[in-house]
Structures are given as structure tokens and as C-alpha cells.
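Participant: I have a structure I would like to understand better, so I am pasting it below and will then ask my questions one at a time.
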Amino acid sequence: MNNKLQKWILITGAAKRVGAKMAEVLHSNGFNIVIHYNSSSDAASKLCSKLNQHRTESSIIIGGNLTDDSAIETLIPSVIEQTGRLDVLINNASTFYPTPIEKITLDDWDNL
């Protein structure tokens with residue numbers, strides 16, 4: 001058996017954009033994926049369903065606002081409770097401001 005099939009990767013901010021692509025590529029290479037999202041629950045659910053169609057029970061979703069300390073403290077224990085293990089953490093989550101760079105303020109940078 002391919003040892004990767006038993007490994008779980010948590011990708012924060014995995015519901016969309018770069019995070020979703022990482023999830024798809026890593027999943028296609030045999031890893032199980034925990035899709036973290038903050039406000040994109042529909043996108044996370046769709047991606048999870050897509051991955052699980054290729055390999056059943058190989059992906060789950062977990063929500064949480066990572067600017068909230070209590071959400072951060074419960075994230076990893078919740079993943080381990082659901083999957084039995086966590087082998088890799090990819091910290092991809094960020095705030096997303098579709099703003100032209102010349103209009104970004106110092107406060108915007110601080111919130112990243």
C-alpha cells in the first residue's frame with residue numbers, strides 16, 4: 001500500500017485559489033486533505049466532494065476564523081479527532097483584498 005494514502009495534510013485557506021489548487025495536486029498524488037475555510041463553506045464543500053469522488057473518505061472540511069485565538073487553539077485537535085492524525089500543516093490562509101496595489105493602506109498591510 002502506498003504510505004501517502006494514510007497521511008493527512010491540513011491546508012488552511014484551501015477552499016479557493018492557491019489553496020484549492022494545492023489541495024487538488026496533493027490529493028492527486030495520494031495524500032488525504034483537510035480543507036480549512038473561513039467564510040467559503042460552499043466552495044470548501046464542493047472541493048471536498050470532488051476529492052472524495054476520486055477517493056472516498058480522503059478529504060474533510062473544517063471551518064474557523066484564524067484571526068480568533070480560540071479557533072486557532074481548537075483547529076489541530078479537531079482535525080486529529082476527525083482523522084486520527086495530522087502529518088503536514090500548510091499555512092496558506094490569508095485575508096484577500098482585491099485592491100489595486102497603489103490603493104493599499106498601511107492598515108491593509110497590517111491586517112495581512
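Within each chain, counting starts at residue 1; across the C-alpha cells, chains are named A, B, ... in the order shown, with ligands numbered 1 upward in that order.
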Using only C-alpha atoms, which residues sit within 10 Å of range 48-58 of chain A once same-chain residues fewer than 2 positions away are excluded, as a PyMOL selection string?

Facilitator: chain A and resi 5-8+15+20+23-24+27-28+30-35+42-46+60-61+83

Participant: Among chain A, which residues carry a DSSP assignment of strand (DSSP E or B), reported as a list in words?

Facilitator: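 Result set for chain A (strand (DSSP E or B)): Trp8, Ile9, Leu10, Ile11, Asn32, Ile33, Val34, Ile35, His36, Tyr37, Ser59, Ile60, Ile61, Ile62, Gly63, Val88, Leu89 and Ile90 of chain A.
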
Participant: Keeping only N, CA and C atoms, write the selected residues as a PDB file, in the first residue's frame.

Facilitator:
```pdb
ATOM      1  N   TRP A   8      -2.363  12.672   6.354  1.00  0.00           N
ATOM      2  CA  TRP A   8      -3.324  13.766   6.293  1.00  0.00           C
ATOM      3  C   TRP A   8      -2.596  15.096   6.270  1.00  0.00           C
ATOM      4  N   ILE A   9      -2.990  15.940   5.323  1.00  0.00           N
ATOM      5  CA  ILE A   9      -2.439  17.285   5.187  1.00  0.00           C
ATOM      6  C   ILE A   9      -3.560  18.286   5.453  1.00  0.00           C
ATOM      7  N   LEU A  10      -3.323  19.211   6.370  1.00  0.00           N
ATOM      8  CA  LEU A  10      -4.242  20.321   6.617  1.00  0.00           C
ATOM      9  C   LEU A  10      -3.726  21.531   5.854  1.00  0.00           C
ATOM     10  N   ILE A  11      -4.568  22.065   4.987  1.00  0.00           N
ATOM     11  CA  ILE A  11      -4.231  23.282   4.251  1.00  0.00           C
ATOM     12  C   ILE A  11      -5.199  24.369   4.700  1.00  0.00           C
ATOM     13  N   ASN A  32      -4.311  12.497   1.767  1.00  0.00           N
ATOM     14  CA  ASN A  32      -5.628  12.881   2.262  1.00  0.00           C
ATOM     15  C   ASN A  32      -5.576  14.354   2.646  1.00  0.00           C
ATOM     16  N   ILE A  33      -6.675  15.061   2.444  1.00  0.00           N
ATOM     17  CA  ILE A  33      -6.665  16.513   2.589  1.00  0.00           C
ATOM     18  C   ILE A  33      -7.742  16.993   3.560  1.00  0.00           C
ATOM     19  N   VAL A  34      -7.323  17.865   4.486  1.00  0.00           N
ATOM     20  CA  VAL A  34      -8.253  18.617   5.325  1.00  0.00           C
ATOM     21  C   VAL A  34      -8.336  20.015   4.724  1.00  0.00           C
ATOM     22  N   ILE A  35      -9.518  20.365   4.255  1.00  0.00           N
ATOM     23  CA  ILE A  35      -9.755  21.658   3.621  1.00  0.00           C
ATOM     24  C   ILE A  35     -10.256  22.626   4.686  1.00  0.00           C
ATOM     25  N   HIS A  36      -9.426  23.579   5.056  1.00  0.00           N
ATOM     26  CA  HIS A  36      -9.849  24.600   6.012  1.00  0.00           C
ATOM     27  C   HIS A  36     -10.433  25.782   5.244  1.00  0.00           C
ATOM     28  N   TYR A  37     -11.463  26.380   5.830  1.00  0.00           N
ATOM     29  CA  TYR A  37     -12.060  27.583   5.251  1.00  0.00           C
ATOM     30  C   TYR A  37     -12.482  28.513   6.377  1.00  0.00           C
ATOM     31  N   SER A  59     -10.961  13.220   2.147  1.00  0.00           N
ATOM     32  CA  SER A  59     -10.969  14.663   2.358  1.00  0.00           C
ATOM     33  C   SER A  59     -12.094  15.032   3.316  1.00  0.00           C
ATOM     34  N   ILE A  60     -11.817  16.012   4.170  1.00  0.00           N
ATOM     35  CA  ILE A  60     -12.837  16.575   5.055  1.00  0.00           C
ATOM     36  C   ILE A  60     -12.686  18.093   5.036  1.00  0.00           C
ATOM     37  N   ILE A  61     -13.704  18.777   5.549  1.00  0.00           N
ATOM     38  CA  ILE A  61     -13.613  20.232   5.677  1.00  0.00           C
ATOM     39  C   ILE A  61     -13.686  20.613   7.148  1.00  0.00           C
ATOM     40  N   ILE A  62     -13.085  21.738   7.444  1.00  0.00           N
ATOM     41  CA  ILE A  62     -13.153  22.288   8.799  1.00  0.00           C
ATOM     42  C   ILE A  62     -13.123  23.804   8.690  1.00  0.00           C
ATOM     43  N   GLY A  63     -14.045  24.452   9.371  1.00  0.00           N
ATOM     44  CA  GLY A  63     -14.128  25.905   9.321  1.00  0.00           C
ATOM     45  C   GLY A  63     -13.496  26.548  10.540  1.00  0.00           C
ATOM     46  N   VAL A  88       0.989  16.875   8.086  1.00  0.00           N
ATOM     47  CA  VAL A  88       1.543  18.080   7.471  1.00  0.00           C
ATOM     48  C   VAL A  88       0.554  19.227   7.656  1.00  0.00           C
ATOM     49  N   LEU A  89       1.089  20.406   7.968  1.00  0.00           N
ATOM     50  CA  LEU A  89       0.293  21.632   8.041  1.00  0.00           C
ATOM     51  C   LEU A  89       0.848  22.612   7.019  1.00  0.00           C
ATOM     52  N   ILE A  90      -0.016  23.091   6.138  1.00  0.00           N
ATOM     53  CA  ILE A  90       0.361  24.129   5.179  1.00  0.00           C
ATOM     54  C   ILE A  90      -0.431  25.381   5.533  1.00  0.00           C
TER      55      ILE A  90
END
```

Participant: Report the distance between CA of Leu66 in chain A and CA of Asn38 in chain A in Å, rounded to one decimal place.

Facilitator: 7.5 Å

Participant: Skipping near chain neighbours, those fewer than 3 positions away, what residues fall within 9 Å of Tyr97 in chain A using only C-alpha atoms, listed as an mmCIF file with N, CA and C atoms, in the first residue's frame?

Facilitator:
```
data_model
loop_
_atom_site.group_PDB
_atom_site.id
_atom_site.type_symbol
_atom_site.label_atom_id
_atom_site.label_comp_id
_atom_site.auth_asym_id
_atom_site.auth_seq_id
_atom_site.Cartn_x
_atom_site.Cartn_y
_atom_site.Cartn_z
ATOM 1 N N PRO A 100 -6.233 47.387 -5.979
ATOM 2 C CA PRO A 100 -5.005 47.745 -6.700
ATOM 3 C C PRO A 100 -3.906 48.107 -5.697
ATOM 4 N N ILE A 104 -3.575 50.240 -1.563
ATOM 5 C CA ILE A 104 -3.480 49.522 -0.291
ATOM 6 C C ILE A 104 -2.923 50.457 0.775
ATOM 7 N N ASP A 108 -4.239 47.991 5.779
ATOM 8 C CA ASP A 108 -4.445 46.782 4.978
ATOM 9 C C ASP A 108 -3.262 45.835 5.132
#
```

Participant: For Thr95 in chain A, list every protein, DNA or RNA residue within 12 Å, evaluated using only C-alpha atoms, and leave out those in the same chain fewer than 3 positions away; present the list as a PyMOL selection string.

Facilitator: chain A and resi 12-13+37-39+65-67+92+98-99+108-112

Participant: Ranking A:Ala93, A:Asp87, A:Arg17, A:Leu26 by minimum distance to Gly64 in chain A and counting only C-alpha atoms, which one comes first?

Facilitator: A:Ala93
